[in-house]
Amino acid sequence: MTSTLPNSAALDAASRPNGLGRFGRFGGQYVPETLMPALAELEAAAAEAWQDKAFTDRLNALLRDYVGRPSPLYEAERLSEHYRRAEGGPRIWLKREDLNHTGAHKINNALGQALLALRMGKKRIIAETGAGQHGVATATVCARFGLECVIYMGAEDMRRQALNVFRMRLLGATVQPVTAGTATLKDATSEAIRDWVTNVESTHYILGSVAGPHPYPMLVRDFHACIGRETRQQCHDAFGRLPDVLLACVGGGSNAMGLFHPFVADTSVRLIGVEAAGEGVASGRHAATITEGRTGVLHGAMSLLLQDGDGQVMEAHSISAGLDYPGVGPEHSYLREIGRAEYAAVTDTQALDALQRLSQLEGIIPALETAHAFAWLESLCPTLAPGTEVVINLSGRGDKDVNTVAERLGDQLKPADG
Amino acid sequence: MTVAPGSTAISSRFAGLKQQGRCALMPFLTAGDPDLATTSAALLALQANGADLVELGIPYSDPLADGPVIQAAASRALEVGTTPASVLEMLAGLKGELTMPLVLFTYSNPLLNVGMERFCADAAAAGAAGLVVPDLPLEEAEKLSPIAAAQGLDLVLLVAPTTPAERMARIAAASRGFTYMVSVTGVTGERAQMESRVAGLVGQLKAMGPTPVAVGFGISGPQQAIEVRSWGADGAIVGSALVKRMAQAKADGGDPVATAGAFCAELRAALDS
């Protein structure tokens, strides 16, 4: 990466994406022809809805009273203290998306898209899920609005996230196991797209990340941009200026995009996404798409992609089901390519350490996905000047992961000062 | 930029059949299922049993437009190590023997992985006559089409039952060789019943220009092939039904090649009835 900052045209929100749904060379609509009219309908419906005060009023009221927004910006004093050096250290703030209804940021998008589905007169909802957080959020809003709900989930993920499977069923959703391919998020997404191709006239697909064909990367980002907008105001209220660093985990990249989006044009703010390096990038068993991927097409978008020499999509690996995906949202690939955002990767072990650290220093058990962002603090903080204001998106809470963590740690649980 | 629709192997084949008042039979095979030697023999068996053209699928890890039968075939083909290069190598080995036009079916990613120019050059050198890319947007297809044409390959575009008329006209104008009318709102796979609205769409599409129209996705056997012919289609494409029969024959210890030939002959007889 060069150190030259991208020019302002490249950062203009109006050109992300352009008229063809592209973020630079990334994005687009690589889907079967059957879906093209539905994508156009969705794009038009979203554009109309954002102009309709009745829609935005209803969305904002539900975000406030049902989701619990705004989520707090919390100063993590003991975590900041942990990284304090003799001359001082960064101050770390947590954007508490874990406190949202259903325990993660995912509900922001699920709620917005459910309102859009109602607007388009579609009564059947489908979604894919990896960790189950997006599935739970979708099942929740479908219950709230009386919509039929089918969630596609890899059989392997259903095993890893049994509690979330039960939650979705409790909420009245049908959870459809996907056994094809690697039986994880990639395959669940493919199966959801096939369902949509088949039932497109009656069904809305609530895609859960800033991935997929245009307009999804833009649509999902825009429904999550409340995270960044609130953060901006809260930073102003707390310390009177913009933050210096924004940090978020990246699988598909929705929580990161939601946080970054309102700051993209503010080039003084460093944007850092943290991917899952699984068992280590060198092991080949990882999900570090931006770090290791090549340009390719998956699930309707051109982006960076983990693929073999013949263009076959590779299996991703991460302890976190939500990051276990060989693709990434096209806007992240773009922000990386123009040098506006930085991306790092941390291993399963580093994420587990960070999960314990946050639990024991702040009394907050983060989701395994989220723990990846916290793990990067170990490398980042020693390089930051005293007084640097760092905001981490605490994208989800860890209740769903306690079984996985217990299996992995067993009796090796580390004491806080370990 | 559009390329003048000159005479190609595919367009001459359709023109010839039209003169005879016949509907083209175009079977589909997944290359490398269960192995490339079988695919190679099956292509010749289809040709010997009345196929007019053939569609050959390059197996891909994430086939979004395919139902369970072709997904499973692609997985089997990938498990035995089938690659785009090995498929083309197999095809090149059939030069002189395989005389019917062959249309390669590939998803975008394996194609873009080697680049449009090189993919088209390699496919043409191996003897392919056309390309179908089911997840390539029209805008990208308009870029690929002249590149393919420069190698003598027809880029065949797809129309779905959900495609609005205005868009259908743009696709029909840009498609080369023939236009692929997807006969169901859905992925590939046999259907008990065809969507009746597609009957009208075939006529609508044919009225938009001289490019022949072939119907595929969901044709399960001779009866439905006849139905598609009665809609005025210039060709019938049969994929999952054939792929399933070959896999079943293999699983039962039978001969998938002979099974392919016999099923093809059955379809041929129905279309000529």
# chains A, B, ... in the order shown; residues from 1 in each chain; ligands from 1
call {"tool": "interface_residues", "arguments": {"of": "chain B", "to": "chain A", "cutoff": "10 Å", "atoms": "only C-alpha atoms", "output": "PyMOL selection string"}}
result
chain B and resi 59-68+71-72+75+78+82-85+107-114+133-140+157-164+167+182+184-188
call {"tool": "closest_residue", "arguments": {"among": "B:Ala165, B:Ile10, B:Ala24, B:Val257", "to": "B:Thr99", "atoms": "only C-alpha atoms"}}
result
B:Ile10
call {"tool": "atom_distance", "arguments": {"atom1": "atom CA of A:Gly396", "atom2": "atom CA of A:Ala46"}}
result
26.3 Å
call {"tool": "select_by_dssp", "arguments": {"residues": "stretch 168-265 of chain B", "states": "alpha helix (DSSP H)", "output": "MDAnalysis selection string"}}
result
chainID B and resid 168:174 197:207 222:230 240:251 256:265
call {"tool": "write_last_selection", "arguments": {"atoms": "N, CA and C atoms", "output": "compact mmCIF listing (two decimals), in the first residue's frame"}}
result
# COMPACT_ATOMS: atom_id res chain seq x y z
N MET B 168 -35.78 -8.07 -22.21
CA MET B 168 -35.77 -9.24 -23.09
C MET B 168 -35.30 -8.85 -24.49
N ALA B 169 -35.75 -7.70 -24.96
CA ALA B 169 -35.36 -7.23 -26.29
C ALA B 169 -33.86 -6.95 -26.35
N ARG B 170 -33.33 -6.35 -25.28
CA ARG B 170 -31.88 -6.06 -25.26
C ARG B 170 -31.08 -7.36 -25.26
N ILE B 171 -31.57 -8.35 -24.48
CA ILE B 171 -30.86 -9.62 -24.41
C ILE B 171 -30.93 -10.35 -25.75
N ALA B 172 -32.13 -10.37 -26.34
CA ALA B 172 -32.29 -11.05 -27.63
C ALA B 172 -31.37 -10.42 -28.68
N ALA B 173 -31.24 -9.09 -28.63
CA ALA B 173 -30.39 -8.41 -29.61
C ALA B 173 -28.91 -8.72 -29.39
N ALA B 174 -28.54 -8.96 -28.14
CA ALA B 174 -27.12 -9.17 -27.84
C ALA B 174 -26.71 -10.63 -27.89
N ARG B 197 -46.71 -19.92 -18.69
CA ARG B 197 -46.47 -18.57 -19.22
C ARG B 197 -45.26 -18.52 -20.15
N VAL B 198 -44.38 -19.54 -20.01
CA VAL B 198 -43.18 -19.55 -20.85
C VAL B 198 -43.55 -19.76 -22.32
N ALA B 199 -44.67 -20.49 -22.56
CA ALA B 199 -45.11 -20.71 -23.94
C ALA B 199 -45.24 -19.37 -24.67
N GLY B 200 -45.89 -18.43 -24.03
CA GLY B 200 -46.07 -17.11 -24.63
C GLY B 200 -44.75 -16.37 -24.78
N LEU B 201 -43.85 -16.59 -23.83
CA LEU B 201 -42.57 -15.86 -23.87
C LEU B 201 -41.71 -16.30 -25.05
N VAL B 202 -41.81 -17.59 -25.41
CA VAL B 202 -41.02 -18.07 -26.55
C VAL B 202 -41.45 -17.33 -27.81
N GLY B 203 -42.76 -17.21 -28.00
CA GLY B 203 -43.27 -16.49 -29.16
C GLY B 203 -42.85 -15.03 -29.16
N GLN B 204 -42.93 -14.43 -27.97
CA GLN B 204 -42.56 -13.03 -27.81
C GLN B 204 -41.08 -12.82 -28.17
N LEU B 205 -40.26 -13.74 -27.68
CA LEU B 205 -38.81 -13.66 -27.92
C LEU B 205 -38.51 -13.84 -29.40
N LYS B 206 -39.18 -14.78 -30.03
CA LYS B 206 -38.93 -15.04 -31.45
C LYS B 206 -39.35 -13.86 -32.32
N ALA B 207 -40.38 -13.15 -31.86
CA ALA B 207 -40.85 -11.99 -32.62
C ALA B 207 -39.86 -10.84 -32.54
N PRO B 222 -39.24 -36.88 -22.73
CA PRO B 222 -39.78 -36.73 -24.09
C PRO B 222 -41.06 -35.88 -24.13
N GLN B 223 -41.97 -36.09 -23.19
CA GLN B 223 -43.24 -35.35 -23.23
C GLN B 223 -43.02 -33.85 -23.17
N GLN B 224 -42.13 -33.44 -22.27
CA GLN B 224 -41.90 -32.01 -22.10
C GLN B 224 -41.08 -31.44 -23.26
N ALA B 225 -40.24 -32.27 -23.86
CA ALA B 225 -39.51 -31.82 -25.05
C ALA B 225 -40.52 -31.51 -26.17
N ILE B 226 -41.51 -32.38 -26.29
CA ILE B 226 -42.56 -32.16 -27.31
C ILE B 226 -43.34 -30.88 -27.00
N GLU B 227 -43.61 -30.68 -25.71
CA GLU B 227 -44.35 -29.48 -25.31
C GLU B 227 -43.57 -28.20 -25.68
N VAL B 228 -42.28 -28.24 -25.43
CA VAL B 228 -41.43 -27.09 -25.75
C VAL B 228 -41.42 -26.83 -27.26
N ARG B 229 -41.38 -27.93 -28.04
CA ARG B 229 -41.43 -27.78 -29.49
C ARG B 229 -42.74 -27.13 -29.92
N SER B 230 -43.82 -27.53 -29.24
CA SER B 230 -45.14 -26.98 -29.60
C SER B 230 -45.25 -25.49 -29.29
N SER B 240 -30.53 -31.92 -16.28
CA SER B 240 -30.62 -32.72 -15.06
C SER B 240 -31.15 -34.13 -15.31
N ALA B 241 -32.13 -34.26 -16.20
CA ALA B 241 -32.73 -35.58 -16.44
C ALA B 241 -31.68 -36.55 -16.98
N LEU B 242 -30.80 -36.05 -17.84
CA LEU B 242 -29.74 -36.88 -18.40
C LEU B 242 -28.64 -37.16 -17.36
N VAL B 243 -28.23 -36.10 -16.67
CA VAL B 243 -27.15 -36.23 -15.67
C VAL B 243 -27.58 -37.23 -14.58
N LYS B 244 -28.85 -37.16 -14.19
CA LYS B 244 -29.37 -38.06 -13.16
C LYS B 244 -29.36 -39.50 -13.64
N ARG B 245 -29.81 -39.71 -14.89
CA ARG B 245 -29.83 -41.09 -15.42
C ARG B 245 -28.43 -41.68 -15.50
N MET B 246 -27.47 -40.87 -15.92
CA MET B 246 -26.09 -41.37 -16.02
C MET B 246 -25.54 -41.71 -14.63
N ALA B 247 -25.82 -40.85 -13.64
CA ALA B 247 -25.32 -41.10 -12.28
C ALA B 247 -25.97 -42.36 -11.72
N GLN B 248 -27.24 -42.54 -12.01
CA GLN B 248 -27.96 -43.71 -11.52
C GLN B 248 -27.37 -44.98 -12.14
N ALA B 249 -27.11 -44.91 -13.46
CA ALA B 249 -26.54 -46.07 -14.15
C ALA B 249 -25.19 -46.45 -13.53
N LYS B 250 -24.39 -45.43 -13.28
CA LYS B 250 -23.07 -45.66 -12.68
C LYS B 250 -23.23 -46.30 -11.29
N ALA B 251 -24.15 -45.75 -10.50
CA ALA B 251 -24.37 -46.26 -9.15
C ALA B 251 -24.87 -47.70 -9.17
N PRO B 256 -22.98 -45.73 -17.93
CA PRO B 256 -23.55 -44.39 -18.10
C PRO B 256 -23.54 -43.92 -19.55
N VAL B 257 -22.55 -44.36 -20.32
CA VAL B 257 -22.46 -43.92 -21.72
C VAL B 257 -23.62 -44.49 -22.54
N ALA B 258 -23.87 -45.78 -22.36
CA ALA B 258 -24.98 -46.41 -23.07
C ALA B 258 -26.31 -45.80 -22.63
N THR B 259 -26.41 -45.49 -21.34
CA THR B 259 -27.62 -44.87 -20.81
C THR B 259 -27.86 -43.51 -21.45
N ALA B 260 -26.77 -42.73 -21.59
CA ALA B 260 -26.87 -41.41 -22.21
C ALA B 260 -27.36 -41.55 -23.65
N GLY B 261 -26.78 -42.49 -24.37
CA GLY B 261 -27.16 -42.70 -25.77
C GLY B 261 -28.62 -43.09 -25.90
N ALA B 262 -29.06 -44.01 -25.04
CA ALA B 262 -30.44 -44.50 -25.12
C ALA B 262 -31.44 -43.38 -24.80
N PHE B 263 -31.13 -42.58 -23.78
CA PHE B 263 -32.05 -41.50 -23.40
C PHE B 263 -32.11 -40.44 -24.51
N CYS B 264 -30.95 -40.19 -25.11
CA CYS B 264 -30.88 -39.21 -26.20
C CYS B 264 -31.73 -39.69 -27.38
N ALA B 265 -31.63 -40.97 -27.68
CA ALA B 265 -32.41 -41.52 -28.80
C ALA B 265 -33.91 -41.39 -28.54
call {"tool": "select_by_dssp", "arguments": {"residues": "stretch 190-260 of chain B", "states": "strand (DSSP E or B)", "output": "list in words"}}
result
Val213, Ala214, Val215, Gly216, Gly235, Ala236, Ile237 and Val238 of chain B
call {"tool": "decode", "arguments": {"residues": "stretch 9-43 of chain A", "atoms": "N, CA and C atoms", "output": "short mmCIF file (atom, residue, chain, number, x, y, z; two decimals), in the first residue's frame"}}
result
data_model
loop_
_atom_site.label_atom_id
_atom_site.label_comp_id
_atom_site.auth_asym_id
_atom_site.auth_seq_id
_atom_site.Cartn_x
_atom_site.Cartn_y
_atom_site.Cartn_z
N ALA A 9 -12.70 12.37 -4.70
CA ALA A 9 -13.72 11.77 -5.57
C ALA A 9 -13.90 10.29 -5.23
N ALA A 10 -12.77 9.63 -4.93
CA ALA A 10 -12.83 8.20 -4.62
C ALA A 10 -13.57 7.96 -3.31
N LEU A 11 -13.63 8.98 -2.46
CA LEU A 11 -14.25 8.83 -1.15
C LEU A 11 -15.68 9.35 -1.13
N ASP A 12 -16.11 9.93 -2.23
CA ASP A 12 -17.44 10.51 -2.30
C ASP A 12 -18.49 9.42 -2.10
N ALA A 13 -19.33 9.63 -1.08
CA ALA A 13 -20.34 8.60 -0.76
C ALA A 13 -21.26 8.34 -1.94
N ALA A 14 -21.49 9.37 -2.77
CA ALA A 14 -22.42 9.21 -3.88
C ALA A 14 -21.89 8.27 -4.95
N SER A 15 -20.54 8.08 -4.98
CA SER A 15 -19.98 7.18 -5.99
C SER A 15 -19.69 5.80 -5.41
N ARG A 16 -20.11 5.59 -4.20
CA ARG A 16 -19.92 4.27 -3.57
C ARG A 16 -21.28 3.67 -3.28
N PRO A 17 -21.89 2.89 -4.14
CA PRO A 17 -21.35 2.48 -5.44
C PRO A 17 -21.75 3.45 -6.54
N ASN A 18 -21.22 3.22 -7.77
CA ASN A 18 -21.61 4.00 -8.93
C ASN A 18 -22.94 3.47 -9.49
N GLY A 19 -23.38 4.00 -10.60
CA GLY A 19 -24.68 3.64 -11.17
C GLY A 19 -24.82 2.17 -11.52
N LEU A 20 -23.68 1.48 -11.72
CA LEU A 20 -23.75 0.05 -12.05
C LEU A 20 -23.56 -0.82 -10.81
N GLY A 21 -23.62 -0.18 -9.65
CA GLY A 21 -23.48 -0.97 -8.43
C GLY A 21 -22.04 -1.37 -8.15
N ARG A 22 -21.09 -0.56 -8.63
CA ARG A 22 -19.68 -0.91 -8.46
C ARG A 22 -18.98 0.06 -7.50
N PHE A 23 -18.11 -0.53 -6.70
CA PHE A 23 -17.19 0.23 -5.86
C PHE A 23 -15.84 0.10 -6.55
N GLY A 24 -15.49 1.09 -7.38
CA GLY A 24 -14.31 0.89 -8.23
C GLY A 24 -14.59 -0.31 -9.12
N ARG A 25 -13.67 -1.29 -9.15
CA ARG A 25 -13.91 -2.46 -9.99
C ARG A 25 -14.68 -3.54 -9.25
N PHE A 26 -14.97 -3.34 -7.97
CA PHE A 26 -15.63 -4.38 -7.18
C PHE A 26 -17.16 -4.19 -7.15
N GLY A 27 -17.86 -5.24 -6.75
CA GLY A 27 -19.32 -5.17 -6.66
C GLY A 27 -19.97 -5.73 -7.91
N GLY A 28 -21.04 -5.08 -8.37
CA GLY A 28 -21.75 -5.56 -9.56
C GLY A 28 -22.87 -6.54 -9.23
N GLN A 29 -23.37 -7.17 -10.28
CA GLN A 29 -24.53 -8.07 -10.12
C GLN A 29 -24.30 -9.35 -10.91
N TYR A 30 -23.53 -10.27 -10.36
CA TYR A 30 -23.23 -11.53 -11.04
C TYR A 30 -24.22 -12.60 -10.58
N VAL A 31 -25.44 -12.49 -11.08
CA VAL A 31 -26.49 -13.41 -10.64
C VAL A 31 -27.25 -13.94 -11.86
N PRO A 32 -27.96 -15.07 -11.66
CA PRO A 32 -28.83 -15.55 -12.73
C PRO A 32 -29.83 -14.47 -13.14
N GLU A 33 -30.15 -14.46 -14.44
CA GLU A 33 -31.05 -13.45 -15.01
C GLU A 33 -32.38 -13.37 -14.25
N THR A 34 -32.86 -14.50 -13.75
CA THR A 34 -34.14 -14.54 -13.02
C THR A 34 -34.19 -13.48 -11.92
N LEU A 35 -33.04 -13.20 -11.28
CA LEU A 35 -33.04 -12.29 -10.13
C LEU A 35 -32.91 -10.82 -10.51
N MET A 36 -32.52 -10.55 -11.76
CA MET A 36 -32.22 -9.16 -12.12
C MET A 36 -33.40 -8.21 -11.87
N PRO A 37 -34.62 -8.60 -12.26
CA PRO A 37 -35.74 -7.68 -11.98
C PRO A 37 -35.96 -7.46 -10.48
N ALA A 38 -35.77 -8.50 -9.67
CA ALA A 38 -35.96 -8.36 -8.22
C ALA A 38 -34.93 -7.41 -7.63
N LEU A 39 -33.71 -7.46 -8.14
CA LEU A 39 -32.67 -6.56 -7.63
C LEU A 39 -33.00 -5.11 -8.00
N ALA A 40 -33.52 -4.92 -9.20
CA ALA A 40 -33.92 -3.57 -9.62
C ALA A 40 -35.09 -3.08 -8.76
N GLU A 41 -36.04 -3.97 -8.50
CA GLU A 41 -37.19 -3.62 -7.68
C GLU A 41 -36.74 -3.21 -6.27
N LEU A 42 -35.80 -4.00 -5.72
CA LEU A 42 -35.31 -3.74 -4.37
C LEU A 42 -34.59 -2.40 -4.31
N GLU A 43 -33.77 -2.14 -5.32
CA GLU A 43 -33.02 -0.88 -5.36
C GLU A 43 -33.98 0.31 -5.42
#
